[in-house]
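Structure file run.tsv (TSV, C-alpha atoms) is printed below.
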chain	number	residue	atom	x	y	z
A	22	MET	CA	129.56	46.57	-28.71
A	23	GLN	CA	126.95	45.88	-31.34
A	24	ASN	CA	125.66	42.43	-32.38
A	25	SER	CA	127.59	42.73	-35.65
A	26	ASP	CA	130.84	43.02	-33.63
A	27	ILE	CA	130.35	39.65	-31.93
A	28	ASP	CA	132.41	36.76	-33.24
A	29	LEU	CA	130.31	33.82	-34.37
A	30	VAL	CA	130.99	30.29	-33.19
A	31	ASN	CA	130.96	27.45	-35.73
A	32	ILE	CA	129.16	24.37	-34.49
A	33	GLN	CA	128.18	21.03	-35.94
A	34	PHE	CA	125.89	18.41	-34.47
A	35	GLN	CA	123.37	15.74	-35.41
A	36	LEU	CA	119.79	16.97	-35.34
A	37	ASN	CA	117.12	14.30	-35.70
A	38	GLY	CA	119.71	12.11	-37.40
A	39	LYS	CA	120.91	14.74	-39.87
A	40	PRO	CA	124.18	16.66	-39.75
A	41	ILE	CA	123.90	20.37	-39.04
A	42	ARG	CA	126.65	22.94	-39.49
A	43	LEU	CA	126.09	26.58	-38.71
A	44	SER	CA	127.53	29.70	-37.14
A	45	VAL	CA	125.87	31.01	-33.99
A	46	ARG	CA	126.36	33.85	-31.56
A	47	PRO	CA	127.96	32.54	-28.36
A	48	PHE	CA	125.03	33.67	-26.20
A	49	ASP	CA	122.21	32.32	-28.39
A	50	SER	CA	120.15	29.62	-26.73
A	51	ALA	CA	119.76	26.19	-28.26
A	52	LEU	CA	116.02	26.96	-28.39
A	53	ALA	CA	116.53	30.11	-30.46
A	54	VAL	CA	118.78	28.30	-32.91
A	55	ILE	CA	116.44	25.31	-33.27
A	56	ARG	CA	113.34	27.48	-33.76
A	57	ASP	CA	114.64	30.61	-35.46
A	58	GLU	CA	117.71	29.50	-37.40
A	59	ILE	CA	116.76	25.92	-38.28
A	60	GLY	CA	112.99	26.44	-38.37
A	61	LEU	CA	111.83	23.53	-36.21
A	62	THR	CA	109.01	25.12	-34.25
A	63	GLY	CA	107.68	22.02	-32.50
A	64	THR	CA	109.95	22.85	-29.57
A	65	LYS	CA	107.99	25.56	-27.78
A	66	GLU	CA	109.11	28.55	-25.78
A	67	GLY	CA	106.98	28.89	-22.70
A	68	CYS	CA	108.74	30.62	-19.86
A	69	GLY	CA	112.28	31.15	-21.18
A	70	ILE	CA	113.76	30.39	-17.75
A	71	GLY	CA	113.70	26.59	-17.60
A	72	GLU	CA	110.62	26.28	-15.43
A	73	CYS	CA	107.91	24.97	-17.79
A	74	GLY	CA	109.57	22.22	-19.87
A	75	ALA	CA	107.85	23.25	-23.12
A	76	CYS	CA	111.25	23.49	-24.83
A	77	THR	CA	112.52	20.06	-23.76
A	78	ILE	CA	114.79	18.33	-26.28
A	79	LEU	CA	117.00	15.27	-25.99
A	80	VAL	CA	120.73	15.90	-26.05
A	81	ASP	CA	122.73	12.69	-26.15
A	82	GLY	CA	119.55	10.97	-24.94
A	83	LYS	CA	119.04	13.20	-21.91
A	84	ALA	CA	116.07	15.56	-21.52
A	85	ILE	CA	117.32	19.17	-21.52
A	86	THR	CA	115.47	22.48	-21.44
A	87	ALA	CA	116.68	24.14	-24.64
A	88	CYS	CA	116.03	27.66	-23.34
A	89	LEU	CA	118.80	27.20	-20.75
A	90	MET	CA	121.35	25.56	-23.05
A	91	LEU	CA	123.66	27.77	-25.06
A	92	ALA	CA	123.78	26.97	-28.76
A	93	PRO	CA	127.58	26.41	-28.76
A	94	GLN	CA	126.99	23.58	-26.27
A	95	LEU	CA	125.25	21.65	-29.06
A	96	ASP	CA	128.59	21.21	-30.83
A	97	GLY	CA	129.43	17.54	-31.32
A	98	ARG	CA	126.20	16.33	-29.74
A	99	GLU	CA	123.27	14.17	-30.84
A	100	VAL	CA	120.09	16.26	-30.59
A	101	GLN	CA	116.50	15.16	-31.04
A	102	THR	CA	113.46	17.41	-31.16
A	103	ILE	CA	109.79	16.49	-31.36
A	104	GLU	CA	110.07	16.61	-35.17
A	105	GLY	CA	112.44	13.62	-35.03
A	106	VAL	CA	110.25	11.37	-32.87
A	107	ALA	CA	107.57	10.04	-35.24
A	108	GLU	CA	108.56	7.96	-38.25
A	109	GLY	CA	106.65	9.49	-41.13
A	110	ASP	CA	102.96	9.17	-40.34
A	111	THR	CA	103.61	6.60	-37.60
A	112	LEU	CA	103.54	8.15	-34.16
A	113	HIS	CA	106.09	7.15	-31.56
A	114	PRO	CA	104.68	4.85	-28.83
A	115	VAL	CA	104.84	7.71	-26.31
A	116	GLN	CA	102.73	9.89	-28.62
A	117	GLN	CA	100.29	7.03	-29.19
A	118	ALA	CA	99.98	6.40	-25.44
A	119	LEU	CA	99.26	10.06	-24.69
A	120	LEU	CA	96.54	10.15	-27.35
A	121	ALA	CA	94.99	6.90	-26.17
A	122	HIS	CA	94.71	8.24	-22.61
A	123	GLY	CA	93.28	11.62	-23.54
A	124	ALA	CA	96.46	13.18	-22.19
A	125	VAL	CA	96.60	15.87	-24.88
A	126	GLN	CA	94.38	18.93	-24.82
A	127	CYS	CA	95.71	22.27	-26.03
A	128	GLY	CA	98.97	20.56	-27.02
A	129	PHE	CA	101.39	23.31	-26.02
A	130	CYS	CA	103.13	21.18	-23.39
A	131	THR	CA	102.90	17.97	-25.40
A	132	PRO	CA	106.22	18.17	-27.28
A	133	GLY	CA	108.11	18.71	-24.02
A	134	MET	CA	106.16	15.94	-22.28
A	135	VAL	CA	106.89	13.54	-25.13
A	136	MET	CA	110.59	14.34	-25.08
A	137	SER	CA	110.85	13.99	-21.29
A	138	ALA	CA	108.97	10.67	-21.35
A	139	LYS	CA	111.07	9.40	-24.26
A	140	GLY	CA	114.26	10.33	-22.43
A	141	LEU	CA	113.03	8.51	-19.34
A	142	LEU	CA	112.10	5.35	-21.27
A	143	GLU	CA	115.47	5.34	-23.04
A	144	ALA	CA	117.20	5.40	-19.65
A	145	ASN	CA	114.73	3.05	-17.90
A	146	SER	CA	112.26	1.08	-20.01
A	147	HIS	CA	110.19	0.02	-16.98
A	148	PRO	CA	110.04	2.99	-14.59
A	149	THR	CA	107.79	3.10	-11.56
A	150	ARG	CA	104.94	5.58	-11.31
A	151	GLU	CA	107.09	7.68	-8.97
A	152	GLU	CA	109.99	7.68	-11.45
A	153	ILE	CA	107.61	8.76	-14.21
A	154	ALA	CA	106.26	11.61	-12.08
A	155	ASP	CA	109.83	12.67	-11.21
A	156	ALA	CA	110.89	12.64	-14.88
A	157	LEU	CA	107.89	14.79	-15.85
A	158	ALA	CA	108.17	17.14	-12.87
A	159	GLY	CA	109.89	19.80	-14.97
A	160	ASN	CA	107.02	19.92	-17.47
A	161	LEU	CA	104.03	22.10	-16.68
A	162	CYS	CA	100.58	21.37	-18.08
A	163	ARG	CA	97.73	23.79	-17.54
A	164	CYS	CA	94.99	21.84	-19.35
A	165	THR	CA	95.22	18.09	-19.00
A	166	GLY	CA	96.55	17.75	-15.52
A	167	TYR	CA	99.04	15.05	-14.85
A	168	VAL	CA	97.01	11.94	-14.05
A	169	GLN	CA	96.30	10.99	-17.67
A	170	ILE	CA	99.88	11.77	-18.70
A	171	VAL	CA	101.42	9.64	-15.96
A	172	ASP	CA	98.83	6.89	-16.58
A	173	ALA	CA	99.75	6.83	-20.28
A	174	ILE	CA	103.49	6.52	-19.65
A	175	GLU	CA	102.94	3.99	-16.85
A	176	GLU	CA	100.82	1.77	-19.11
A	177	LEU	CA	103.37	2.06	-21.90
A	178	ALA	CA	106.22	1.24	-19.51
A	179	GLY	CA	104.40	-1.90	-18.38
A	180	SER	CA	103.73	-3.12	-21.91
A	181	PRO	CA	105.87	-4.90	-24.50
A	182	ARG	CA	105.78	-1.60	-26.44
A	183	ALA	CA	108.12	-0.11	-23.82
A	184	ASN	CA	111.01	-1.84	-25.52
A	185	GLU	CA	109.86	-0.40	-28.87
A	186	ALA	CA	109.73	3.07	-27.30
A	187	VAL	CA	113.35	2.69	-26.20
A	188	LYS	CA	114.54	1.56	-29.64
A	189	ARG	CA	113.04	4.49	-31.57

Give the structure from this file in C-alpha cells form.
Amino acid sequence: MQNSDIDLVNIQFQLNGKPIRLSVRPFDSALAVIRDEIGLTGTKEGCGIGECGACTILVDGKAITACLMLAPQLDGREVQTIEGVAEGDTLHPVQQALLAHGAVQCGFCTPGMVMSAKGLLEANSHPTREEIADALAGNLCRCTGYVQIVDAIEELAGSPRANEAVKR
C-alpha cells in the first residue's frame, strides 16, 4: 500500500483559540501536523519517542507530548502551542519568570517547559516545589539545569501573578 492509497481523516479542533479543519493521515502525529501542515514550529521535535518533552502542547489544558499523540486524536479538542501563550508582545507570566531567573539558555527545551509549567499552574495555581519538579520531570534540559527553572515556577506560584498565569 502506498501513502496515496491511505484514506485521510477529517478533523477539526481549536488551535490557540482559532478553528482548524484539515485532513490528515491516520498515523500522522499531532507534532507533524502542527509543525509541517499548520506551520507552527515553536513546538520542537527532540527525541520523537516522548522522552524529552520538547514537543509538549496543552490539549484540553493537559500537558501532552505531541510526538506520541496521533493527529486524529486532536479532533474536537482545545489545543494550545507555545505560539498561543504570549499576548502580542506581552509574554505570559511563565515566560517572564523563566527569563527573570536566567532559566533560558539555548532555548530548545523552553517551549516544552513553558507548556508543562502552564498546564501545571492551570491545574494547581500554588504547587509545591515537589509538584513543580514532578510536572517538569518529562522535560529534559541540557543547558540550564533545573534549579533555575523550578525556582522560577516556584516564585511565580507563590506570587499574586500565579492567578494571572492560570487565567491566560

Close residues, Ala158 (chain A) itself excluded, 9 Å, only C-alpha atoms, min 4 positions apart in chain, as a JSON list (two decimals) with C-alpha atoms, in the frame of the given file:
[["chain", "number", "residue", "atom", "x", "y", "z"],
["A", 74, "GLY", "CA", 109.57, 22.22, -19.87],
["A", 153, "ILE", "CA", 107.61, 8.76, -14.21],
["A", 154, "ALA", "CA", 106.26, 11.61, -12.08]]

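Taking CA of Ala144 (chain A) and CA of Val80 (chain A) as endpoints, the distance between them is 12.8 Å.
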
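Nearest residue to Ser137 (chain A) among A:Lys65, A:Lys83, A:Lys39, A:Arg98 is A:Lys83, counting only C-alpha atoms.
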
Residue neighbourhood Thr131 (chain A), 12 Å, only C-alpha atoms, exclusion window fewer than 2 positions, as a ChimeraX atom specification = /A:63-65,67,73-78,103,115-120,123-129,133-139,157,160-167,170

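Coordinates place CA of Val168 (chain A) at a distance of 24.4 Å from CA of Thr102 (chain A).
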
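Comparing the minimum interatomic distances between Pro40 (chain A) and each of A:Ile27, A:Ala84, A:Leu61, A:Val100, counting all atoms listed in the file, we find that A:Val100 sits nearest.
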
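In this model, the gap between CA of Glu99 (chain A) and CA of Leu52 (chain A) comes to 14.9 Å.
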
Axis-aligned box for region 97-101 of chain A, 3 Å per side, centre and edges in Å as AutoDock Vina command-line options:
--center_x 123.0 --center_y 15.9 --center_z -30.5 --size_x 18.9 --size_y 9.4 --size_z 7.6

Do you know which residues are at most 6 Å from region 145-148 of chain A counting all atoms listed in the file, after dropping those on the same chain fewer than 3 positions away, and could you put them as a PyMOL selection string?
-> chain A and resi 141-142+152+178+183

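Using only C-alpha atoms, the smallest distance between any of A:Leu36, A:Leu29, A:Cys88, A:Cys68 and Ala53 (chain A) comes from A:Cys88.
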
With distances taken over only C-alpha atoms, which of A:Ala121, A:Ala87, A:Gly140, A:Cys130 is nearest to Arg56 (chain A)?
-> A:Ala87
